[in-house]
>>> print(open('query.txt').read())   # compact mmCIF, C-alpha atoms
# COMPACT_ATOMS: atom_id res chain seq x y z
CA THR A 626 -29.21 -16.56 6.29
CA PRO A 627 -28.29 -14.71 3.13
CA PHE A 628 -29.16 -16.23 -0.20
CA PHE A 629 -27.14 -15.04 -3.17
CA LEU A 630 -28.23 -15.62 -6.73
CA VAL A 631 -25.38 -14.90 -9.13
CA SER A 632 -25.87 -14.84 -12.88
CA GLU A 633 -22.89 -16.48 -14.56
CA ARG A 634 -23.82 -14.79 -17.83
CA ARG A 635 -23.90 -11.33 -16.18
CA LEU A 636 -20.64 -12.00 -14.33
CA VAL A 637 -18.92 -12.97 -17.59
CA GLU A 638 -20.47 -10.07 -19.54
CA ASN A 639 -19.37 -7.54 -16.91
CA PHE A 640 -15.85 -8.96 -16.80
CA HIS A 641 -15.56 -8.89 -20.59
CA ALA A 642 -16.88 -5.31 -20.75
CA LEU A 643 -14.28 -4.17 -18.24
CA ARG A 644 -11.47 -6.13 -19.90
CA ASP A 645 -12.43 -4.96 -23.38
CA GLY A 646 -12.83 -1.35 -22.21
CA PHE A 647 -9.30 -1.26 -20.85
CA ALA A 648 -7.96 -2.94 -24.00
CA ALA A 649 -9.76 -0.46 -26.26
CA SER A 650 -8.29 2.47 -24.32
CA GLY A 651 -4.78 1.10 -24.79
CA ALA A 652 -4.29 0.82 -21.03
CA ARG A 653 -2.53 -2.26 -19.71
CA ALA A 654 -4.47 -3.50 -16.72
CA ALA A 655 -4.53 -6.64 -14.64
CA LEU A 656 -8.11 -7.32 -13.63
CA ARG A 657 -8.06 -8.81 -10.18
CA TYR A 658 -11.19 -10.21 -8.53
CA CYS A 659 -11.24 -9.64 -4.77
CA ALA A 660 -12.03 -13.01 -3.19
CA LYS A 661 -13.21 -11.26 -0.03
CA THR A 662 -16.12 -9.83 -2.04
CA ASN A 663 -17.60 -13.25 -2.72
CA HIS A 664 -15.51 -16.35 -2.20
CA GLU A 665 -18.08 -18.84 -3.48
CA ALA A 666 -16.26 -21.54 -5.43
CA GLY A 667 -18.63 -21.18 -8.40
CA VAL A 668 -17.86 -17.47 -8.75
CA LEU A 669 -14.13 -18.07 -8.39
CA ARG A 670 -14.18 -20.85 -11.02
CA VAL A 671 -15.90 -18.53 -13.51
CA MET A 672 -13.44 -15.71 -12.87
CA ALA A 673 -10.48 -18.11 -13.20
CA ARG A 674 -11.85 -19.54 -16.44
CA GLU A 675 -12.32 -16.04 -17.89
CA GLY A 676 -8.71 -15.09 -17.19
CA ALA A 677 -9.07 -12.84 -14.16
CA GLU A 678 -6.47 -12.63 -11.45
CA VAL A 679 -7.50 -12.89 -7.81
CA LEU A 680 -6.69 -10.86 -4.69
CA ALA A 681 -6.66 -12.95 -1.53
CA SER A 682 -6.59 -11.62 2.02
CA HIS A 683 -5.52 -14.77 3.83
CA GLY A 684 -4.15 -18.22 3.24
CA ALA A 685 -7.54 -19.95 3.07
CA GLU A 686 -8.59 -17.67 0.20
CA VAL A 687 -5.37 -18.49 -1.62
CA GLU A 688 -5.99 -22.23 -1.19
CA LEU A 689 -9.55 -21.86 -2.45
CA ALA A 690 -8.44 -19.77 -5.44
CA LEU A 691 -5.84 -22.38 -6.39
CA ALA A 692 -8.44 -25.15 -6.04
CA CYS A 693 -10.83 -23.18 -8.28
CA GLY A 694 -8.39 -22.90 -11.17
CA PHE A 695 -6.26 -19.83 -10.55
CA SER A 696 -2.57 -20.51 -11.10
CA ALA A 697 -0.22 -19.27 -8.39
CA GLY A 698 1.00 -16.61 -10.84
CA ARG A 699 -2.52 -15.15 -11.01
CA VAL A 700 -2.88 -14.82 -7.22
CA ALA A 701 -2.02 -11.64 -5.33
CA TYR A 702 -1.90 -11.59 -1.54
CA GLN A 703 -2.69 -8.62 0.66
CA ARG A 704 -3.02 -8.77 4.43
CA PRO A 705 -2.23 -6.28 7.16
CA SER A 706 0.41 -7.76 9.50
CA PRO A 707 0.76 -11.04 7.60
CA PRO A 708 1.86 -14.02 9.69
CA ALA A 709 5.31 -15.30 8.65
CA ALA A 710 4.13 -18.93 8.56
CA GLU A 711 1.26 -18.05 6.22
CA VAL A 712 3.54 -16.07 3.91
CA ALA A 713 6.06 -18.93 3.88
CA SER A 714 3.35 -21.39 2.80
CA LEU A 715 2.20 -19.02 0.03
CA LEU A 716 5.74 -18.65 -1.28
CA GLU A 717 6.11 -22.43 -1.16
CA ALA A 718 2.96 -22.71 -3.28
CA GLY A 719 4.44 -20.31 -5.84
CA VAL A 720 2.48 -17.15 -5.00
CA THR A 721 4.92 -14.31 -5.67
CA ARG A 722 2.64 -11.29 -6.07
CA LEU A 723 2.46 -9.66 -2.65
CA HIS A 724 1.20 -6.29 -1.42
CA VAL A 725 3.37 -4.32 0.99
CA LEU A 726 1.34 -2.33 3.53
CA ARG A 727 4.15 -1.67 6.06
CA PRO A 728 7.96 -1.46 5.67
CA GLU A 729 8.40 -4.65 7.72
CA ASP A 730 6.22 -6.56 5.21
CA ALA A 731 8.84 -6.10 2.50
CA ALA A 732 11.55 -7.34 4.84
CA LEU A 733 9.47 -10.41 5.66
CA PHE A 734 8.63 -11.17 2.04
CA THR A 735 12.19 -10.82 0.74
CA GLY A 736 13.69 -12.65 3.73
CA LEU A 737 11.81 -15.94 3.27
CA PRO A 738 12.86 -18.73 0.88
CA ARG A 739 10.74 -19.20 -2.22
CA GLY A 740 10.14 -22.89 -2.66
CA GLY A 741 7.96 -22.28 -5.72
CA GLY A 742 10.69 -20.15 -7.31
CA GLY A 743 9.94 -17.09 -9.37
CA GLU A 744 10.65 -13.44 -8.87
CA LEU A 745 8.80 -11.67 -6.07
CA ARG A 746 6.60 -8.93 -7.48
CA LEU A 747 5.78 -6.49 -4.72
CA SER A 748 3.08 -3.83 -4.89
CA LEU A 749 3.50 -0.89 -2.55
CA ARG A 750 0.32 0.50 -1.05
CA LEU A 751 0.63 4.21 -0.43
CA ARG A 752 -1.06 5.80 2.56
CA PRO A 753 -3.47 8.52 1.51
CA GLY A 754 -2.68 12.05 2.54
CA ALA A 755 -4.78 13.84 5.13
CA ARG A 756 -8.27 14.38 3.73
CA ARG A 757 -11.70 14.78 5.14
CA SER A 758 -13.97 11.85 4.52
CA LEU A 759 -17.43 10.70 5.47
CA SER A 760 -16.38 7.06 5.34
CA PRO A 761 -16.30 5.27 8.68
CA LEU A 762 -13.26 3.39 7.36
CA ALA A 763 -11.27 6.55 6.61
CA GLY A 764 -9.38 6.38 9.90
CA LEU A 765 -8.41 2.76 9.32
CA ASN A 766 -7.38 3.40 5.72
CA ALA A 767 -5.20 6.29 6.82
CA ARG A 768 -3.18 3.88 8.98
CA LEU A 769 -2.62 1.34 6.20
CA GLY A 770 0.03 1.87 3.61
CA LEU A 771 3.38 3.53 3.25
CA SER A 772 4.22 7.20 3.41
CA ARG A 773 6.10 8.56 0.40
CA ALA A 774 9.39 8.37 2.30
CA GLU A 775 8.71 4.80 3.43
CA ALA A 776 7.77 3.75 -0.10
CA LEU A 777 11.02 5.17 -1.47
CA GLU A 778 13.07 3.38 1.20
CA VAL A 779 11.20 0.09 0.65
CA ALA A 780 11.73 0.39 -3.12
CA ARG A 781 15.46 0.89 -2.58
CA ARG A 782 15.68 -2.14 -0.27
CA VAL A 783 13.69 -4.31 -2.67
CA ALA A 784 15.96 -3.26 -5.55
CA ARG A 785 18.91 -4.69 -3.57
CA ALA A 786 17.08 -7.94 -2.71
CA PRO A 787 17.88 -10.80 -5.09
CA GLY A 788 14.87 -12.10 -7.01
CA ALA A 789 12.51 -9.29 -6.03
CA ARG A 790 11.19 -6.14 -7.65
CA VAL A 791 8.59 -3.48 -7.08
CA ASP A 792 5.85 -4.21 -9.57
CA ALA A 793 3.21 -1.62 -8.74
>>> encode(input="query.txt", output="structure tokens")
Amino acid sequence: TPFFLVSERRLVENFHALRDGFAASGARAALRYCAKTNHEAGVLRVMAREGAEVLASHGAEVELALACGFSAGRVAYQRPSPPAAEVASLLEAGVTRLHVLRPEDAALFTGLPRGGGGELRLSLRLRPGARRSLSPLAGLNARLGLSRAEALEVARRVARAPGARVDA
């Protein structure tokens, strides 16, 4: 079975270097740790303590992130074809930062009640244009995300939805 040895000092140093580099450049950036990369509680606790945000791909990762010290406001959720029940539970927990991969995602997100309150902050993922790639995931990536026309239409619909905005 895999054994992972993670240096807390190196993790913190790397995070600070990235954070400080963006700050020194004058760029505003939210540094978001992808829980899918390594969802060990110890790693998540360190990242939460240092002020990172977290990107979760399913409800269990959101629950773990919350248990490890991330506030709901520092959790972003991204999942292709998200189940309505899972999204409803995230909104109830106060997670309001959601990634839109398909036009119907925005309709789902804005159509559910938000028990935790707060404004929905939706990020629109754009589908890359046709390019040649050596990556075996290129075909999958080309199917995920919105076309330019879809993104414009989703942004218009979100602008009319109460308590929601396109954030990124």
>>> residues_near_point(input="query.txt", point="(-2.1, -12.3, -4.5)", cutoff="9 Å", atoms="all atoms listed in the file", output="MDAnalysis selection string")
chainID A and resid 657 678:682 687 697:703 720:724
>>> residues_around(input="query.txt", residues="Leu747 in chain A", least_positions_apart="3", cutoff="10 Å", atoms="all atoms listed in the file", output="PyMOL selection string")
chain A and resi 701-702+721-725+730-731+734-735+744+750+780+783+789-793
>>> closest_residue(input="query.txt", among="A:Ala692, A:Leu630, A:Ala776, A:Ala677", to="Leu656 in chain A", atoms="all atoms listed in the file")
A:Ala677
>>> atom_distance(input="query.txt", atom1="CA of Leu716 in chain A", atom2="CA of Thr662 in chain A")
23.6 Å
>>> residues_near_point(input="query.txt", point="(-20.8, -16.8, -5.1)", cutoff="9 Å", atoms="only C-alpha atoms", output="PDB file with C-alpha atoms, in the frame of the given file")
ATOM      1  CA  PHE A 629     -27.140 -15.040  -3.170  1.00  0.00           C
ATOM      2  CA  LEU A 630     -28.230 -15.620  -6.730  1.00  0.00           C
ATOM      3  CA  VAL A 631     -25.380 -14.900  -9.130  1.00  0.00           C
ATOM      4  CA  THR A 662     -16.120  -9.830  -2.040  1.00  0.00           C
ATOM      5  CA  ASN A 663     -17.600 -13.250  -2.720  1.00  0.00           C
ATOM      6  CA  HIS A 664     -15.510 -16.350  -2.200  1.00  0.00           C
ATOM      7  CA  GLU A 665     -18.080 -18.840  -3.480  1.00  0.00           C
ATOM      8  CA  ALA A 666     -16.260 -21.540  -5.430  1.00  0.00           C
ATOM      9  CA  GLY A 667     -18.630 -21.180  -8.400  1.00  0.00           C
ATOM     10  CA  VAL A 668     -17.860 -17.470  -8.750  1.00  0.00           C
ATOM     11  CA  LEU A 669     -14.130 -18.070  -8.390  1.00  0.00           C
TER      12      LEU A 669
END
>>> atom_distance(input="query.txt", atom1="CA of Arg653 in chain A", atom2="CA of Pro728 in chain A")
27.5 Å
>>> decode(input="query.txt", residues="range 689-718 of chain A", atoms="C-alpha atoms", output="compact mmCIF listing (two decimals), in the first residue's frame")
# COMPACT_ATOMS: atom_id res chain seq x y z
CA LEU A 689 -13.74 16.35 5.91
CA ALA A 690 -12.58 19.88 5.06
CA LEU A 691 -15.10 21.37 7.50
CA ALA A 692 -14.00 18.90 10.19
CA CYS A 693 -10.35 19.87 9.58
CA GLY A 694 -10.91 23.58 10.17
CA PHE A 695 -11.98 25.10 6.88
CA SER A 696 -14.98 27.39 7.26
CA ALA A 697 -17.81 26.90 4.77
CA GLY A 698 -16.81 30.22 3.18
CA ARG A 699 -13.37 28.80 2.34
CA VAL A 700 -14.76 25.70 0.58
CA ALA A 701 -15.35 25.54 -3.16
CA TYR A 702 -17.23 22.64 -4.72
CA GLN A 703 -16.68 21.27 -8.20
CA ARG A 704 -18.23 18.07 -9.52
CA PRO A 705 -19.38 17.04 -12.97
CA SER A 706 -23.13 16.26 -12.87
CA PRO A 707 -23.55 17.06 -9.18
CA PRO A 708 -26.38 15.22 -7.42
CA ALA A 709 -29.13 17.61 -6.27
CA ALA A 710 -29.27 16.05 -2.79
CA GLU A 711 -25.52 16.54 -2.31
CA VAL A 712 -25.69 20.15 -3.48
CA ALA A 713 -28.65 20.81 -1.16
CA SER A 714 -26.68 19.49 1.83
CA LEU A 715 -23.68 21.67 0.91
CA LEU A 716 -25.86 24.77 0.67
CA GLU A 717 -27.43 23.86 4.01
CA ALA A 718 -23.92 23.70 5.50
